[in-house]
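Content type compact mmCIF, C-alpha atoms and all ligand atoms, from the file structure.txt:
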# COMPACT_ATOMS: atom_id res chain seq x y z
CA VAL A 142 0.00 0.00 0.00
CA ASN A 143 1.11 3.54 -0.76
CA HIS A 144 0.16 5.06 2.59
CA LEU A 145 1.44 5.27 6.15
CA LEU A 146 -1.80 5.33 8.14
CA GLY A 147 -0.68 3.58 11.32
CA ILE A 148 2.01 1.33 12.78
CA LYS A 149 -0.70 -1.32 13.14
CA TYR A 150 -0.44 -1.95 9.40
CA LEU A 151 3.37 -2.29 9.25
CA LYS A 152 5.41 -5.47 9.52
CA LYS A 153 8.64 -5.73 11.53
CA GLU A 154 10.56 -5.85 8.22
CA ASP A 155 8.91 -2.58 7.07
CA ILE A 156 10.11 -0.88 10.27
CA ALA A 157 13.61 -2.33 9.85
CA LEU A 158 13.78 -0.95 6.26
CA ILE A 159 12.58 2.49 7.44
CA PHE A 160 15.32 2.48 10.14
CA LYS A 161 18.03 1.43 7.67
CA THR A 162 16.95 4.20 5.27
CA ALA A 163 16.68 6.74 8.12
CA LYS A 164 20.23 5.91 9.26
CA HIS A 165 21.48 6.76 5.76
CA PHE A 166 19.50 10.03 5.67
CA LYS A 167 20.77 10.98 9.15
CA GLU A 168 24.31 10.83 7.73
CA VAL A 169 23.17 12.91 4.75
CA ILE A 170 21.64 15.70 6.84
CA ASN A 171 24.76 15.95 8.95
CA ARG A 172 26.89 16.73 5.88
CA PRO A 173 27.69 20.36 4.93
CA ILE A 174 25.21 19.98 1.99
CA LYS A 175 22.12 18.52 3.65
CA LYS A 176 20.04 17.98 0.51
CA VAL A 177 19.70 15.09 -1.95
CA PRO A 178 17.96 15.41 -5.35
CA SER A 179 15.92 12.18 -4.95
CA LEU A 180 12.38 13.66 -5.02
CA ARG A 181 12.76 16.53 -7.53
CA ASP A 182 9.62 15.41 -9.39
CA VAL A 183 7.46 14.83 -6.28
CA THR A 184 5.04 17.41 -4.84
CA ILE A 185 3.83 17.07 -1.25
CA ALA A 186 1.04 18.92 0.57
CA ASN A 187 1.24 19.21 4.36
CA LEU A 188 -2.33 19.53 5.69
CA PHE A 189 -2.61 20.53 9.34
CA PHE A 190 -6.10 20.62 10.83
CA GLU A 191 -4.63 20.69 14.35
CA ASN A 192 -1.74 22.62 15.91
CA SER A 193 1.81 21.31 15.62
CA THR A 194 5.37 22.55 15.95
CA ARG A 195 7.68 19.51 15.71
CA THR A 196 5.74 17.31 13.28
CA ARG A 197 4.86 20.09 10.83
CA LEU A 198 8.37 21.57 10.65
CA SER A 199 10.02 18.15 10.66
CA PHE A 200 7.94 16.94 7.69
CA GLU A 201 8.57 20.17 5.79
CA LEU A 202 12.32 19.97 6.38
CA ALA A 203 12.37 16.25 5.48
CA GLU A 204 10.58 17.01 2.20
CA LYS A 205 12.89 19.94 1.39
CA ARG A 206 16.03 17.90 2.22
CA LEU A 207 14.74 15.36 -0.37
CA SER A 208 14.22 18.22 -2.92
CA ALA A 209 10.44 17.69 -3.14
CA ASP A 210 8.16 20.64 -3.93
CA VAL A 211 6.19 21.50 -0.79
CA VAL A 212 2.91 23.30 -0.11
CA ASN A 213 1.63 23.94 3.39
CA PHE A 214 -2.01 24.16 4.40
CA SER A 215 -3.32 25.23 7.76
CA ALA A 216 -7.04 24.65 8.30
CA ALA A 217 -7.33 27.73 10.51
CA SER A 218 -6.56 30.08 7.58
CA SER A 219 -8.30 28.06 4.83
CA SER A 220 -11.72 27.70 3.17
CA VAL A 221 -12.47 24.87 5.65
CA LYS A 222 -13.59 27.82 7.79
CA LYS A 223 -16.24 28.55 5.09
CA GLY A 224 -17.55 24.97 5.33
CA GLU A 225 -15.56 23.13 2.63
CA THR A 226 -15.37 19.39 3.34
CA LEU A 227 -12.17 17.42 3.89
CA VAL A 228 -12.58 15.46 0.64
CA ASP A 229 -13.34 18.59 -1.42
CA THR A 230 -10.38 20.36 0.17
CA VAL A 231 -7.97 17.54 -0.63
CA ASN A 232 -9.32 16.92 -4.15
CA ASN A 233 -8.86 20.62 -4.94
CA ILE A 234 -5.26 20.47 -3.69
CA LEU A 235 -4.65 17.28 -5.69
CA ALA A 236 -5.98 18.98 -8.84
CA MET A 237 -2.83 21.14 -8.60
CA LYS A 238 -0.80 17.96 -9.34
CA VAL A 239 0.16 16.98 -5.79
CA ASP A 240 1.46 13.40 -5.30
CA MET A 241 1.44 12.95 -1.54
CA VAL A 242 -0.53 14.30 1.42
CA VAL A 243 0.76 14.54 4.99
CA MET A 244 -2.20 15.13 7.27
CA ARG A 245 -2.75 15.89 10.96
CA HIS A 246 -6.40 15.83 11.95
CA PRO A 247 -8.28 15.86 15.29
CA ASN A 248 -10.56 12.95 14.27
CA PRO A 249 -9.37 9.37 14.84
CA GLY A 250 -9.34 7.52 11.50
CA ALA A 251 -9.30 10.69 9.37
CA GLY A 252 -6.30 9.44 7.34
CA ILE A 253 -7.88 6.02 6.77
CA PHE A 254 -11.09 7.71 5.60
CA LEU A 255 -9.20 10.03 3.26
CA SER A 256 -7.11 7.21 1.76
CA LYS A 257 -10.36 5.58 0.55
CA GLN A 258 -11.75 8.80 -0.94
CA VAL A 259 -8.86 10.38 -2.86
CA ASP A 260 -6.16 9.34 -5.32
CA ALA A 261 -2.95 10.18 -3.45
CA SER A 262 -0.48 8.68 -1.05
CA ILE A 263 -1.46 9.63 2.54
CA ILE A 264 0.86 9.91 5.55
CA ASN A 265 -0.83 10.18 8.94
CA ALA A 266 0.85 12.93 11.00
CA GLY A 267 -1.44 12.25 13.98
CA ASP A 268 -5.19 11.51 13.93
CA GLY A 269 -6.92 12.44 17.17
CA ALA A 270 -6.25 9.92 19.94
CA HIS A 271 -5.66 7.12 17.40
CA GLU A 272 -2.13 6.89 15.89
CA HIS A 273 0.98 9.02 15.32
CA PRO A 274 3.08 6.57 13.31
CA THR A 275 6.09 8.75 12.47
CA GLN A 276 6.42 9.74 16.16
CA ALA A 277 6.56 6.07 17.15
CA LEU A 278 9.10 5.34 14.42
CA LEU A 279 11.36 8.19 15.53
CA ASP A 280 10.96 7.14 19.18
CA ALA A 281 11.89 3.51 18.45
CA PHE A 282 14.76 4.64 16.18
CA SER A 283 16.06 6.84 19.02
CA ILE A 284 15.87 3.95 21.52
CA GLN A 285 17.79 1.72 19.10
CA GLU A 286 20.42 4.41 18.61
CA GLU A 287 20.80 4.85 22.39
CA LEU A 288 20.58 1.25 23.62
CA GLY A 289 21.17 -1.00 20.60
CA ASP A 290 18.73 -3.76 19.66
CA ILE A 291 15.18 -2.96 20.82
CA ALA A 292 14.31 -6.63 21.40
CA GLY A 293 14.17 -7.34 25.13
CA LYS A 294 14.41 -3.68 26.21
CA ARG A 295 11.87 -2.64 28.84
CA VAL A 296 10.06 0.53 27.79
CA LEU A 297 7.72 2.35 30.14
CA ILE A 298 5.14 4.84 28.82
CA VAL A 299 3.84 7.14 31.56
CA GLY A 300 0.82 9.40 31.86
CA ASP A 301 -2.26 10.07 29.77
CA ILE A 302 -2.36 6.80 27.84
CA LEU A 303 -6.11 7.10 27.14
CA HIS A 304 -5.85 10.18 24.92
CA SER A 305 -2.43 9.41 23.46
CA ARG A 306 -1.88 8.51 19.81
CA VAL A 307 1.84 8.49 20.68
CA ALA A 308 1.24 5.73 23.25
CA LEU A 309 -0.77 3.51 20.90
CA SER A 310 1.67 3.86 17.98
CA ASN A 311 4.63 3.30 20.33
CA ILE A 312 3.01 0.15 21.73
CA TYR A 313 2.50 -1.27 18.21
CA ALA A 314 6.05 -0.37 17.10
CA LEU A 315 7.87 -1.53 20.22
CA LYS A 316 5.96 -4.82 20.47
CA LYS A 317 6.68 -5.55 16.78
CA MET A 318 10.38 -4.92 17.47
CA GLY A 319 10.35 -7.30 20.47
CA ALA A 320 10.45 -4.84 23.40
CA GLU A 321 8.63 -5.35 26.70
CA VAL A 322 6.14 -2.50 27.10
CA MET A 323 4.60 -1.28 30.34
CA VAL A 324 2.24 1.66 30.80
CA CYS A 325 1.77 3.62 34.01
CA GLY A 326 -0.71 6.31 34.97
CA PRO A 327 -3.92 6.94 36.87
CA LYS A 328 -6.39 4.09 36.31
CA THR A 329 -8.80 6.57 34.72
CA LEU A 330 -6.24 7.41 32.01
CA ILE A 331 -5.42 3.80 31.03
CA PRO A 332 -7.69 2.11 28.44
CA LYS A 333 -9.01 -1.29 29.52
CA HIS A 334 -8.10 -3.17 26.29
CA LEU A 335 -4.31 -2.78 26.57
CA HIS A 336 -3.68 -6.30 27.91
CA LYS A 337 -4.89 -7.56 24.50
CA LEU A 338 -1.86 -5.81 22.99
CA GLY A 339 0.49 -7.61 25.40
CA VAL A 340 1.18 -4.52 27.50
CA LYS A 341 1.79 -4.61 31.27
CA VAL A 342 -0.13 -2.06 33.36
CA GLU A 343 1.12 -0.50 36.63
CA THR A 344 -0.47 2.39 38.50
CA ASN A 345 2.46 2.96 40.91
CA LEU A 346 5.19 5.00 39.17
CA ASP A 347 8.02 4.00 41.54
CA LYS A 348 7.34 0.30 40.95
CA ALA A 349 7.08 0.86 37.19
CA LEU A 350 10.35 2.83 37.04
CA ALA A 351 12.19 0.08 38.94
CA GLY A 352 11.48 -2.35 36.09
CA CYS A 353 12.32 -0.32 32.98
CA ASP A 354 15.27 0.81 30.82
CA VAL A 355 13.46 3.71 29.15
CA ALA A 356 10.74 6.04 30.45
CA ASN A 357 8.69 7.88 27.84
CA MET A 358 6.83 10.67 29.66
CA LEU A 359 3.60 11.81 28.03
CA ARG A 360 1.83 15.14 28.29
CA VAL A 361 -1.56 15.26 29.99
CA GLN A 362 -3.79 16.23 27.04
CA ASN A 363 -6.27 18.54 28.71
CA GLU A 364 -7.56 19.63 25.28
CA ARG A 365 -8.93 16.10 24.66
CA MET A 366 -10.66 15.75 28.05
CA ASP A 367 -14.33 16.49 28.61
CA VAL A 368 -14.17 15.61 32.33
CA ASN A 369 -11.45 15.63 35.00
CA TYR A 370 -9.65 12.26 35.04
CA PHE A 371 -7.65 12.98 38.23
CA PRO A 372 -8.24 15.27 41.22
CA SER A 373 -5.73 18.05 40.45
CA THR A 374 -2.46 18.84 38.68
CA LYS A 375 -0.73 19.02 42.09
CA GLU A 376 -1.80 15.46 42.89
CA TYR A 377 -0.84 14.27 39.38
CA VAL A 378 2.66 15.71 39.83
CA LYS A 379 3.02 14.02 43.21
CA GLN A 380 2.02 10.59 41.88
CA TYR A 381 3.18 10.63 38.24
CA GLY A 382 5.67 13.49 37.82
CA LEU A 383 9.24 12.36 37.05
CA THR A 384 11.78 14.24 39.17
CA LYS A 385 15.45 13.81 40.06
CA LYS A 386 14.46 13.00 43.65
CA ARG A 387 12.25 10.13 42.45
CA LEU A 388 15.00 8.77 40.19
CA GLU A 389 17.69 9.00 42.90
CA LYS A 390 15.77 6.42 44.95
CA LEU A 391 16.18 3.94 42.09
CA ASN A 392 19.95 4.16 41.88
CA LYS A 393 20.07 3.41 38.12
CA GLU A 394 20.44 5.27 34.84
CA LEU A 395 17.24 5.50 32.82
CA VAL A 396 16.83 6.90 29.33
CA ILE A 397 14.21 9.65 29.51
CA MET A 398 12.05 10.45 26.50
CA HIS A 399 9.23 12.87 25.76
CA PRO A 400 7.43 13.41 22.43
CA GLY A 401 6.89 17.13 23.19
CA PRO A 402 5.44 19.57 23.89
CA ILE A 403 6.54 19.23 27.54
CA ASN A 404 4.46 20.48 30.46
CA ARG A 405 7.57 21.37 32.44
CA GLY A 406 7.11 20.66 36.14
CA VAL A 407 4.06 18.44 35.52
CA GLU A 408 4.97 15.08 33.92
CA LEU A 409 8.70 15.92 33.87
CA SER A 410 10.88 18.30 35.89
CA SER A 411 12.94 20.85 33.98
CA GLU A 412 16.06 19.52 35.71
CA LEU A 413 15.53 16.08 34.12
CA ALA A 414 14.23 17.37 30.79
CA ASP A 415 17.49 19.31 30.35
CA SER A 416 19.74 16.56 31.76
CA ASP A 417 22.10 14.18 29.93
CA GLN A 418 19.69 11.34 30.69
CA ALA A 419 17.05 12.90 28.41
CA ILE A 420 17.21 12.21 24.66
CA ILE A 421 14.30 14.54 23.85
CA LEU A 422 16.17 16.71 21.34
CA ASP A 423 17.79 13.61 19.78
CA GLN A 424 14.23 12.38 19.16
CA VAL A 425 13.48 15.65 17.36
CA GLU A 426 16.70 15.43 15.32
CA ASN A 427 15.92 11.82 14.35
CA GLY A 428 12.39 12.85 13.35
CA VAL A 429 13.68 14.55 10.19
CA ALA A 430 15.72 11.51 9.08
CA VAL A 431 12.88 9.07 9.88
CA ARG A 432 10.35 11.20 7.98
CA MET A 433 12.76 11.47 5.02
CA ALA A 434 12.91 7.66 5.03
CA VAL A 435 9.11 7.26 5.15
CA ILE A 436 8.54 9.80 2.37
CA TYR A 437 11.37 8.42 0.21
CA LEU A 438 10.14 4.81 0.50
CA LEU A 439 6.54 5.77 -0.32
CA ALA A 440 7.61 8.01 -3.21
CA ALA A 441 9.80 5.19 -4.55
CA LYS A 442 6.66 3.05 -4.80
CA ILE A 443 4.44 5.63 -6.46
CA LYS A 444 7.10 6.94 -8.87
CA GLN A 445 8.86 3.57 -9.36
CA LEU A 446 12.19 5.21 -8.42
N1 LIG A 501 5.38 15.35 19.10
C1 LIG A 501 4.49 16.09 18.38
O1 LIG A 501 3.64 15.53 17.64
O2 LIG A 501 4.63 17.43 18.55
P1 LIG A 501 3.78 18.53 17.76
O3 LIG A 501 2.36 18.43 18.23
O4 LIG A 501 4.41 19.85 18.10
O5 LIG A 501 3.87 18.21 16.30

Please lay out the structure from this file as C-alpha cells.
Amino acid sequence: VNHLLGIKYLKKEDIALIFKTAKHFKEVINRPIKKVPSLRDVTIANLFFENSTRTRLSFELAEKRLSADVVNFSAASSSVKKGETLVDTVNNILAMKVDMVVMRHPNPGAGIFLSKQVDASIINAGDGAHEHPTQALLDAFSIQEELGDIAGKRVLIVGDILHSRVALSNIYALKKMGAEVMVCGPKTLIPKHLHKLGVKVETNLDKALAGCDVANMLRVQNERMDVNYFPSTKEYVKQYGLTKKRLEKLNKELVIMHPGPINRGVELSSELADSDQAIILDQVENGVAVRMAVIYLLAAKIKQL
C-alpha cells in the first residue's frame, strides 16, 4: 500500500527498512550539503487541521532535504472555515498535481477515511487519539540508537495513555520490534483493552520505574478531556511526575524520552528534561531523518524510483 496510516499496518521488516533508510538520511543531513535530489519530481502537501510545531516543521524539512516541492495548508486560515469538506479540500489540492498528502487531523481515523476517498499517497501525521506513526518510528529509532537492539528492552510509557496517539503507535512499534512495554498512569487514564496488545499495566510509578530501561513521559492532554480524570495537577505531579528525587531512589540510569510539547514541572521536571539522561532533542533530530525515510520509500513506490 502507498500510505502510512498507522504502525498497526506495518510489519517488523517494514520498520527495519525504514530504520536502515533513516540511518542513511541521518548521515546525509549531517553533511555540509544537507540535501539530496531524490524527489525533484514529487510534490507534497502538508495539511494541518490541528496545531503542531515539531511534526509540521520536521515533515517540511524532510521534504525539502529530499528536494520535493512543498505546499503547506493550515485549516485555521483556509476555506475549511467557510464549510468546505475534507474530501473537497484535498481533491482541490490534488488537482494542482500533488502526489502525496501529509495530514494531521483531530478525528481518529481521518487518514484512513481520506485514503479511501482520494487518489494520493497519505501519511498520517497524527489523527486524534488514534495513531501518530512517524512519532513512534522516531521514538523507536532513538531507543535503538541509544541502547542497541530494541528486542528485550523494557520501555515504560507514563501518563495520559487514554488520549495518546503516541502511546498507541509506540506500543504497536515496540511490540513488533520485540520490546517489553509497560504503561503507568492513573487508572482513569489507562484504556481497559491494553492487555490484549500484550502490555503490562502498573499504576504505581516508583514500581514501574524500577522495572524499565526507558521512560517515555507523556503530556496530559487537557484539550482532549471532557471531564477531569484525576483530582488536580498538584496530585498528578506528586504521583506521576518524574523528578530527580524520584530517580535517585532507584539508583540506576534511565533513558528519559518525551514526544513534546513538555508540560515542564508536571509530567517531567525541567532539571531532568534538560539533563544528559534525556534524549528529547535527539528524538526531534531523528524525526527529520525518519520522515525522510518514510517519504522516500513511499515516493519510490508511487514513482517507481
Ligand atoms: N510530538 C508532536 O507531535 O509534537 P507537535 O504536536 O508539536 O507536532

Do you know which residues are within 9 Å of ligand LIG 501 (chain A) using only C-alpha atoms and all ligand atoms? Can you write them as a ChimeraX atom specification?
/A:191-199,245,266-267,273,275-276,307,399-402,425

Tell me which protein, DNA and RNA residues are within 12 Å of Leu227 in chain A, counting all atoms listed in the file, leaving out same-chain ones fewer than 3 positions away, and put them as a PyMOL selection string.
chain A and resi 188-190+216+219-224+230-234+244-246+248+251-252+254-256+258-259

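Here CA of Phe166 in chain A is placed at a distance of 6.9 Å from CA of Met433 in chain A.
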
Neighbours of Glu364 in chain A within 12 Å (all atoms listed in the file; same-chain residues fewer than 6 positions away dropped), as a short mmCIF file (atom, residue, chain, number, x, y, z; two decimals) with C-alpha atoms, in the coordinates of the input?
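Listing of result-v2.cif after writing:
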data_model
loop_
_atom_site.label_atom_id
_atom_site.label_comp_id
_atom_site.auth_asym_id
_atom_site.auth_seq_id
_atom_site.Cartn_x
_atom_site.Cartn_y
_atom_site.Cartn_z
CA GLU A 191 -4.63 20.69 14.35
CA ASN A 192 -1.74 22.62 15.91
CA PRO A 247 -8.28 15.86 15.29
CA GLY A 269 -6.92 12.44 17.17
CA ALA A 270 -6.25 9.92 19.94
CA ASP A 301 -2.26 10.07 29.77
CA HIS A 304 -5.85 10.18 24.92
CA SER A 305 -2.43 9.41 23.46
#

Among the residues A:Ile403, A:Leu303, A:Ile156, A:Leu350, the one that comes closest to Leu422 in chain A [using all atoms listed in the file]
A:Ile403

From the options A:Asp229, A:Ser416, A:Val243, A:Met318, which residue's atoms come nearest to Glu154 in chain A, counting only C-alpha atoms?
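For Glu154 in chain A, the nearest of the given residues is A:Met318.
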
Near Gly406 in chain A, within 8 Å and counting only C-alpha atoms, which residues show up once chain neighbours fewer than 3 positions away are dropped, as an MDAnalysis selection string?
chainID A and resid 378 382 409:411

Using only C-alpha atoms, can you tell me which of A:Pro173, A:Gly339, A:Pro178, A:Pro327 comes closest to Ser373 in chain A?
A:Pro327

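The spacing separating CA of Ser283 in chain A from CA of Lys385 in chain A amounts to 22.2 Å.
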
Pairwise distance for CA of Met323 in chain A and CA of Glu394 in chain A, rounded to one decimal in Å
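Separation of CA of Met323 in chain A and CA of Glu394 in chain A: 17.7 Å.
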
Taking all atoms listed in the file into account, name the residue in A:Lys152, A:Lys348, A:Lys161, A:Lys167 that is nearest to Gln380 in chain A.
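Checking each candidate against Gln380 in chain A, we get A:Lys348 as the closest.
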
Determine the nearest neighbour of Lys175 in chain A from the options A:Gln362, A:Glu412, A:Asp423, A:Ala430, counting all atoms listed in the file.
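Using all atoms listed in the file, the shortest distance to Lys175 in chain A belongs to A:Ala430.
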
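Closest approach to Asp415 in chain A among A:Asn187, A:Asn392, A:Asn427, A:Thr384 is made by A:Thr384 (distances from only C-alpha atoms).
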
Selection: 6 Å around Asp240 in chain A, all atoms listed in the file, excl. self and same-chain fewer than 2 positions, as a list in words
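Residues meeting the cut-off are Thr184, Ile185 and Ala261 of chain A.
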